[in-house]
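Listing of input_31.txt, compact mmCIF, C-alpha atoms
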```txt
# COMPACT_ATOMS: atom_id res chain seq x y z
CA MET A 22 -20.71 -3.61 -17.70
CA ASN A 23 -18.92 -4.67 -20.89
CA SER A 24 -21.00 -4.39 -24.08
CA ASP A 25 -18.49 -6.08 -26.38
CA SER A 26 -19.68 -9.37 -27.84
CA ASP A 27 -17.42 -12.38 -28.10
CA LEU A 28 -17.35 -11.90 -31.86
CA GLN A 29 -16.16 -8.30 -31.50
CA ILE A 30 -13.47 -9.46 -29.11
CA ALA A 31 -12.36 -12.42 -31.21
CA GLY A 32 -12.72 -10.79 -34.62
CA ASP A 33 -13.63 -13.12 -37.50
CA ILE A 34 -15.04 -16.27 -35.87
CA LEU A 35 -13.77 -18.37 -38.80
CA GLU A 36 -10.25 -17.34 -37.85
CA VAL A 37 -10.63 -18.78 -34.36
CA THR A 38 -10.25 -22.41 -35.39
CA HIS A 39 -10.35 -23.84 -31.87
CA LEU A 40 -13.99 -22.63 -31.59
CA LEU A 41 -15.10 -24.37 -34.78
CA GLN A 42 -16.51 -27.88 -34.61
CA THR A 43 -14.84 -30.40 -36.84
CA PRO A 44 -17.25 -31.44 -39.59
CA ARG A 45 -18.41 -35.00 -39.08
CA GLU A 46 -17.93 -37.56 -41.80
CA HIS A 47 -21.24 -39.19 -40.81
CA PRO A 48 -24.38 -37.67 -39.25
CA ALA A 49 -25.07 -38.31 -35.57
CA THR A 50 -27.99 -36.03 -34.65
CA VAL A 51 -31.56 -35.74 -35.94
CA ALA A 52 -30.69 -32.40 -37.53
CA GLU A 53 -27.68 -33.93 -39.29
CA PHE A 54 -29.79 -36.84 -40.62
CA VAL A 55 -32.36 -34.34 -41.93
CA GLY A 56 -29.49 -32.40 -43.51
CA LEU A 57 -28.14 -35.57 -45.13
CA ALA A 58 -31.56 -36.32 -46.61
CA ARG A 59 -31.91 -32.74 -47.90
CA SER A 60 -28.46 -32.73 -49.48
CA LEU A 61 -29.10 -36.05 -51.22
CA ALA A 62 -32.52 -34.84 -52.40
CA GLU A 63 -30.97 -31.70 -53.90
CA ASP A 64 -28.23 -33.61 -55.73
CA ARG A 65 -30.25 -35.60 -58.25
CA SER A 66 -27.03 -36.92 -59.83
CA GLN A 67 -26.58 -39.17 -56.78
CA TRP A 68 -29.89 -41.00 -57.18
CA GLU A 69 -31.90 -40.18 -60.30
CA HIS A 70 -30.03 -42.61 -62.61
CA LEU A 71 -30.67 -45.47 -60.15
CA VAL A 72 -34.48 -45.21 -60.01
CA ARG A 73 -36.49 -48.09 -61.47
CA TYR A 74 -40.24 -48.64 -61.50
CA ASP A 75 -41.78 -52.05 -60.88
CA ALA A 76 -45.49 -52.58 -61.49
CA THR A 77 -45.62 -55.66 -59.24
CA SER A 78 -43.96 -54.32 -56.08
CA ARG A 79 -42.29 -51.26 -54.66
CA TRP A 80 -38.73 -50.96 -55.93
CA TYR A 81 -36.00 -50.11 -53.43
CA HIS A 82 -32.25 -49.65 -53.46
CA ARG A 83 -29.86 -49.08 -50.54
CA LEU A 84 -28.14 -45.87 -51.53
CA ARG A 85 -25.69 -45.44 -48.66
CA THR A 86 -24.67 -46.84 -45.29
CA GLY A 87 -22.62 -45.46 -42.47
CA PRO A 88 -21.95 -46.24 -38.85
CA GLY A 89 -25.41 -46.78 -37.37
CA TYR A 90 -27.52 -45.62 -40.33
CA GLU A 91 -28.59 -46.46 -43.85
CA VAL A 92 -30.22 -44.57 -46.71
CA TRP A 93 -32.80 -46.17 -49.02
CA LEU A 94 -34.23 -45.00 -52.32
CA LEU A 95 -37.78 -46.20 -53.13
CA SER A 96 -40.09 -45.83 -56.11
CA TRP A 97 -43.86 -46.07 -55.99
CA VAL A 98 -46.11 -46.51 -59.01
CA PRO A 99 -49.75 -45.45 -58.60
CA GLY A 100 -51.58 -47.69 -56.16
CA GLN A 101 -48.50 -49.08 -54.39
CA GLY A 102 -48.27 -48.73 -50.62
CA SER A 103 -46.31 -49.85 -47.60
CA GLY A 104 -49.13 -51.21 -45.48
CA LEU A 105 -49.57 -50.01 -41.91
CA HIS A 106 -46.23 -50.49 -40.14
CA ASP A 107 -43.61 -49.10 -37.79
CA HIS A 108 -39.80 -49.26 -37.98
CA GLY A 109 -38.97 -51.22 -34.86
CA ARG A 110 -36.19 -49.54 -32.91
CA SER A 111 -35.22 -47.25 -35.80
CA SER A 112 -35.91 -43.54 -36.13
CA GLY A 113 -36.03 -42.06 -39.57
CA VAL A 114 -36.40 -39.29 -42.08
CA LEU A 115 -38.72 -39.71 -45.07
CA THR A 116 -38.17 -37.27 -47.94
CA VAL A 117 -40.31 -37.19 -51.09
CA LEU A 118 -38.06 -36.64 -54.10
CA ASP A 119 -40.59 -36.78 -56.95
CA GLY A 120 -44.35 -37.05 -57.14
CA THR A 121 -46.80 -37.14 -54.24
CA LEU A 122 -47.25 -39.74 -51.51
CA THR A 123 -50.05 -40.01 -48.97
CA GLU A 124 -49.19 -40.73 -45.33
CA ARG A 125 -51.86 -42.10 -42.99
CA THR A 126 -51.40 -42.15 -39.22
CA GLU A 127 -53.70 -42.24 -36.21
CA ARG A 128 -53.62 -38.43 -36.32
CA GLY A 129 -54.91 -38.18 -39.87
CA THR A 130 -53.95 -38.21 -43.53
CA ARG A 131 -51.60 -35.84 -45.32
CA ALA A 132 -50.29 -35.45 -48.85
CA LEU A 133 -46.50 -35.31 -49.06
CA ARG A 134 -45.33 -33.56 -52.22
CA ALA A 135 -41.79 -33.40 -53.61
CA GLY A 136 -39.57 -31.73 -51.03
CA ALA A 137 -41.71 -32.73 -48.04
CA GLN A 138 -39.94 -34.38 -45.12
CA ARG A 139 -41.24 -36.38 -42.16
CA VAL A 140 -39.08 -37.20 -39.15
CA PHE A 141 -40.20 -40.06 -36.92
CA ALA A 142 -39.13 -41.88 -33.76
CA PRO A 143 -39.21 -45.60 -32.96
CA GLY A 144 -42.75 -46.90 -32.66
CA TYR A 145 -44.22 -44.38 -35.14
CA VAL A 146 -47.01 -46.23 -36.96
CA HIS A 147 -47.94 -45.09 -40.45
CA GLU A 148 -48.87 -46.18 -43.93
CA VAL A 149 -47.44 -44.58 -47.06
CA VAL A 150 -49.31 -44.93 -50.36
CA ASN A 151 -49.06 -43.50 -53.85
CA ASP A 152 -52.66 -42.35 -54.36
CA ALA A 153 -51.64 -40.12 -57.27
CA LEU A 154 -51.76 -40.85 -60.99
CA GLU A 155 -47.99 -40.42 -61.47
CA PRO A 156 -45.07 -42.42 -60.03
CA ALA A 157 -43.29 -41.13 -56.94
CA VAL A 158 -39.76 -41.48 -55.54
CA SER A 159 -38.75 -41.18 -51.89
CA LEU A 160 -35.60 -41.25 -49.81
CA HIS A 161 -35.54 -42.90 -46.37
CA VAL A 162 -32.81 -42.49 -43.75
CA TYR A 163 -32.99 -44.97 -40.85
CA TYR A 164 -30.91 -44.77 -37.68
CA PRO A 165 -29.99 -47.23 -36.48
CA GLY A 166 -30.26 -49.15 -39.73
CA LEU A 167 -33.62 -50.79 -40.35
CA THR A 168 -33.70 -54.35 -39.00
CA GLU A 169 -37.45 -54.84 -38.67
CA MET A 170 -40.69 -53.39 -40.00
CA PRO A 171 -43.56 -54.81 -37.94
CA MET A 172 -46.88 -54.69 -39.78
CA HIS A 173 -50.05 -53.54 -38.02
CA THR A 174 -53.66 -54.40 -38.66
CA ALA A 175 -56.50 -51.96 -39.17
CA GLN A 176 -57.76 -52.95 -35.68
CA HIS A 177 -55.02 -50.76 -34.23
CA CYS A 178 -56.29 -47.72 -36.15
CA THR A 179 -59.08 -45.29 -35.63
CA ALA A 180 -61.63 -44.44 -38.32
CA ARG A 181 -59.38 -41.56 -39.31
CA ASP A 182 -56.86 -44.09 -40.68
CA VAL A 183 -59.20 -45.85 -43.06
CA PRO A 184 -57.96 -45.45 -46.63
CA GLY A 185 -59.93 -42.78 -48.43
CA VAL A 186 -60.85 -40.89 -45.26
CA VAL A 187 -59.11 -37.51 -45.16
CA THR A 188 -58.84 -35.66 -41.85
CA ALA A 189 -57.18 -32.42 -40.90
```
Could you rewrite the structure in this file as structure tokens?
Amino acid sequence: MNSDSDLQIAGDILEVTHLLQTPREHPATVAEFVGLARSLAEDRSQWEHLVRYDATSRWYHRLRTGPGYEVWLLSWVPGQGSGLHDHGRSSGVLTVLDGTLTERTERGTRALRAGAQRVFAPGYVHEVVNDALEPAVSLHVYYPGLTEMPMHTAQHCTARDVPGVVTA
């Protein structure tokens, strides 16, 4: 029985270029979309100067597009919310950049603070609200790009989804 690992046999894995995957220009997997969101969140120079706050409606700005995806930057002043909705055929990654947002789903309510991420599949129904006293900023990656955002009524929710009701 041979106890040598492939790395011991090959030496420095970075020197074996045929074993390395070529870095992709655009993300294609859930993990890569999460990584894109994290890298954008960490590099404030790419988004901070673009943020605006609008007291009458949520402000949004398309930050980036690529083959089959788009990235949106949103700001939320206290009291602003999305309403109960899903994202049609799109999956997504929601990343809170600044402040705190509240997410309500049929499974309960959770506070999402700066740095928090949520990954969701098509058909995921939720509501996002700024229940805090300070503005918030979030980054949203949709793949494929967002083409619809069907709204839902409270009839489709359980008591756990009623605003103000916090569940575990």
**Request:** Please provide as a PyMOL selection string all residues within 6 Å of stretch 140-157 of chain A, with the sequence filter that same-chain residues fewer than 3 positions apart are discarded (counting all atoms listed in the file).
**Result:** chain A and resi 96-107+109-114+119-126
**Request:** In Å, rounded to a single decimal, give me how far atom CA of A:Leu94 is from atom CA of A:Val158.
**Result:** 7.3 Å
**Message:** What's the separation between atom CA of A:Thr86 and atom CA of A:Gly166, in Å to one decimal place?
**Reply:**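 Pair atom CA of A:Thr86 / atom CA of A:Gly166 returns 8.2 Å.
The neighbours of A:Leu95 here are the residues that come within 6 Å of it, using all atoms listed in the file and leaving out any residue fewer than 3 positions away in the same chain; they are Trp80, Tyr81, Val158 and Ser159 of chain A.
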**Request:** Just give me the gap between atom CA of A:His47 and atom CA of A:Tyr90 in Å, one decimal is fine.
**Result:** 9.0 Å
Could you list, with a cut-off of 10 Å and counting all atoms listed in the file, the residues of stretch 111-173 of chain A near stretch 82-85 of chain A, each shown with its nearest atom pair and the distance in Å rounded to one decimal, rows sorted by chain and ascending number, as CSV?
```
residue,atom,partner,partner_atom,distance
A:Leu160,CA,A:Leu84,CA,8.9
A:His161,CA,A:Arg83,CA,9.4
A:Val162,CA,A:Arg85,CA,9.1
```
So that I have them on file, write out the residues from the current selection with C-alpha atoms, as a compact mmCIF listing (two decimals), in the frame of the given file.
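To be explicit, this is the file written out as out19.txt:
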```
# COMPACT_ATOMS: atom_id res chain seq x y z
CA LEU A 160 -35.60 -41.25 -49.81
CA HIS A 161 -35.54 -42.90 -46.37
CA VAL A 162 -32.81 -42.49 -43.75
```
**Request:** Kindly provide, as a list in words, the polymer residues lying within 9 Å of (-25.0, -46.9, -37.3), counting only C-alpha atoms and using the coordinates exactly as they appear in the file.
**Result:**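 Output of the proximity query reads Ala49, Thr86, Gly87, Pro88, Gly89, Tyr90, Glu91, Tyr163, Tyr164, Pro165 and Gly166 of chain A.
Ranking A:Ala58, A:His70, A:Glu127, A:His108 by their shortest atom-to-atom distance to A:Met170, with all atoms listed in the file included, puts A:His108 first.
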**Message:** My list of candidates is A:Thr168, A:Ser78, A:Thr174, A:Thr116. Which is closest to A:Arg134 when distances are computed with all atoms listed in the file?
**Reply:**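 The closest residue to A:Arg134 is A:Thr116.
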Centre and edge lengths of an axis-aligned box around all listed atoms of stretch 122-134 of chain A, with 5 Å added on each side, are to be given in Å to one decimal, as lines of an AutoDock Vina configuration file.
```
center_x = -50.1
center_y = -37.9
center_z = -44.2
size_x = 19.6
size_y = 18.7
size_z = 26.0
```
For stretch 144-171 of chain A, where the input has fewer atoms than it should, I would like N, CA and C atoms rebuilt and written as an mmCIF file, in the coordinates of the input.
```cif
data_model
loop_
_atom_site.group_PDB
_atom_site.id
_atom_site.type_symbol
_atom_site.label_atom_id
_atom_site.label_comp_id
_atom_site.auth_asym_id
_atom_site.auth_seq_id
_atom_site.Cartn_x
_atom_site.Cartn_y
_atom_site.Cartn_z
ATOM 1 N N GLY A 144 -41.369 -46.680 -33.038
ATOM 2 C CA GLY A 144 -42.750 -46.900 -32.660
ATOM 3 C C GLY A 144 -43.762 -46.079 -33.435
ATOM 4 N N TYR A 145 -43.321 -45.210 -34.336
ATOM 5 C CA TYR A 145 -44.220 -44.380 -35.140
ATOM 6 C C TYR A 145 -44.912 -45.276 -36.165
ATOM 7 N N VAL A 146 -46.236 -45.369 -36.080
ATOM 8 C CA VAL A 146 -47.010 -46.230 -36.960
ATOM 9 C C VAL A 146 -47.612 -45.379 -38.080
ATOM 10 N N HIS A 147 -47.373 -45.803 -39.317
ATOM 11 C CA HIS A 147 -47.940 -45.090 -40.450
ATOM 12 C C HIS A 147 -48.060 -46.014 -41.649
ATOM 13 N N GLU A 148 -48.771 -45.517 -42.639
ATOM 14 C CA GLU A 148 -48.870 -46.180 -43.930
ATOM 15 C C GLU A 148 -48.557 -45.121 -44.974
ATOM 16 N N VAL A 149 -47.781 -45.492 -45.970
ATOM 17 C CA VAL A 149 -47.440 -44.580 -47.060
ATOM 18 C C VAL A 149 -47.953 -45.227 -48.351
ATOM 19 N N VAL A 150 -48.668 -44.428 -49.151
ATOM 20 C CA VAL A 150 -49.310 -44.930 -50.360
ATOM 21 C C VAL A 150 -49.150 -43.903 -51.476
ATOM 22 N N ASN A 151 -48.995 -44.396 -52.703
ATOM 23 C CA ASN A 151 -49.060 -43.500 -53.850
ATOM 24 C C ASN A 151 -50.498 -43.514 -54.352
ATOM 25 N N ASP A 152 -51.268 -42.513 -53.926
ATOM 26 C CA ASP A 152 -52.660 -42.350 -54.360
ATOM 27 C C ASP A 152 -52.766 -41.495 -55.612
ATOM 28 N N ALA A 153 -51.646 -41.029 -56.117
ATOM 29 C CA ALA A 153 -51.640 -40.120 -57.270
ATOM 30 C C ALA A 153 -51.682 -40.920 -58.583
ATOM 31 N N LEU A 154 -51.728 -40.216 -59.673
ATOM 32 C CA LEU A 154 -51.760 -40.850 -60.990
ATOM 33 C C LEU A 154 -50.380 -40.974 -61.622
ATOM 34 N N GLU A 155 -49.374 -40.397 -60.968
ATOM 35 C CA GLU A 155 -47.990 -40.420 -61.470
ATOM 36 C C GLU A 155 -47.108 -41.177 -60.486
ATOM 37 N N PRO A 156 -46.003 -41.762 -60.957
ATOM 38 C CA PRO A 156 -45.070 -42.420 -60.030
ATOM 39 C C PRO A 156 -44.464 -41.424 -59.046
ATOM 40 N N ALA A 157 -43.954 -41.948 -57.956
ATOM 41 C CA ALA A 157 -43.290 -41.130 -56.940
ATOM 42 C C ALA A 157 -41.976 -41.793 -56.554
ATOM 43 N N VAL A 158 -41.063 -40.988 -56.026
ATOM 44 C CA VAL A 158 -39.760 -41.480 -55.540
ATOM 45 C C VAL A 158 -39.536 -40.870 -54.169
ATOM 46 N N SER A 159 -39.028 -41.678 -53.245
ATOM 47 C CA SER A 159 -38.750 -41.180 -51.890
ATOM 48 C C SER A 159 -37.406 -41.681 -51.408
ATOM 49 N N LEU A 160 -36.879 -40.945 -50.445
ATOM 50 C CA LEU A 160 -35.600 -41.250 -49.810
ATOM 51 C C LEU A 160 -35.874 -41.482 -48.336
ATOM 52 N N HIS A 161 -35.297 -42.548 -47.767
ATOM 53 C CA HIS A 161 -35.540 -42.900 -46.370
ATOM 54 C C HIS A 161 -34.196 -43.086 -45.668
ATOM 55 N N VAL A 162 -33.999 -42.349 -44.586
ATOM 56 C CA VAL A 162 -32.810 -42.490 -43.750
ATOM 57 C C VAL A 162 -33.268 -43.148 -42.454
ATOM 58 N N TYR A 163 -32.646 -44.271 -42.086
ATOM 59 C CA TYR A 163 -32.990 -44.970 -40.850
ATOM 60 C C TYR A 163 -31.774 -45.005 -39.939
ATOM 61 N N TYR A 164 -31.981 -44.697 -38.660
ATOM 62 C CA TYR A 164 -30.910 -44.770 -37.680
ATOM 63 C C TYR A 164 -31.470 -45.263 -36.362
ATOM 64 N N PRO A 165 -30.960 -46.336 -35.808
ATOM 65 C CA PRO A 165 -29.990 -47.230 -36.480
ATOM 66 C C PRO A 165 -30.611 -47.850 -37.715
ATOM 67 N N GLY A 166 -29.782 -48.531 -38.498
ATOM 68 C CA GLY A 166 -30.260 -49.150 -39.730
ATOM 69 C C GLY A 166 -31.498 -50.003 -39.477
ATOM 70 N N LEU A 167 -32.344 -50.088 -40.474
ATOM 71 C CA LEU A 167 -33.620 -50.790 -40.350
ATOM 72 C C LEU A 167 -33.393 -52.300 -40.267
ATOM 73 N N THR A 168 -33.828 -52.892 -39.169
ATOM 74 C CA THR A 168 -33.700 -54.350 -39.000
ATOM 75 C C THR A 168 -35.054 -55.035 -38.920
ATOM 76 N N GLU A 169 -36.106 -54.262 -38.712
ATOM 77 C CA GLU A 169 -37.450 -54.840 -38.670
ATOM 78 C C GLU A 169 -38.459 -53.783 -39.109
ATOM 79 N N MET A 170 -39.602 -54.275 -39.599
ATOM 80 C CA MET A 170 -40.690 -53.390 -40.000
ATOM 81 C C MET A 170 -41.996 -54.099 -39.651
ATOM 82 N N PRO A 171 -42.338 -54.113 -38.357
ATOM 83 C CA PRO A 171 -43.560 -54.810 -37.940
ATOM 84 C C PRO A 171 -44.800 -54.222 -38.613
#
```
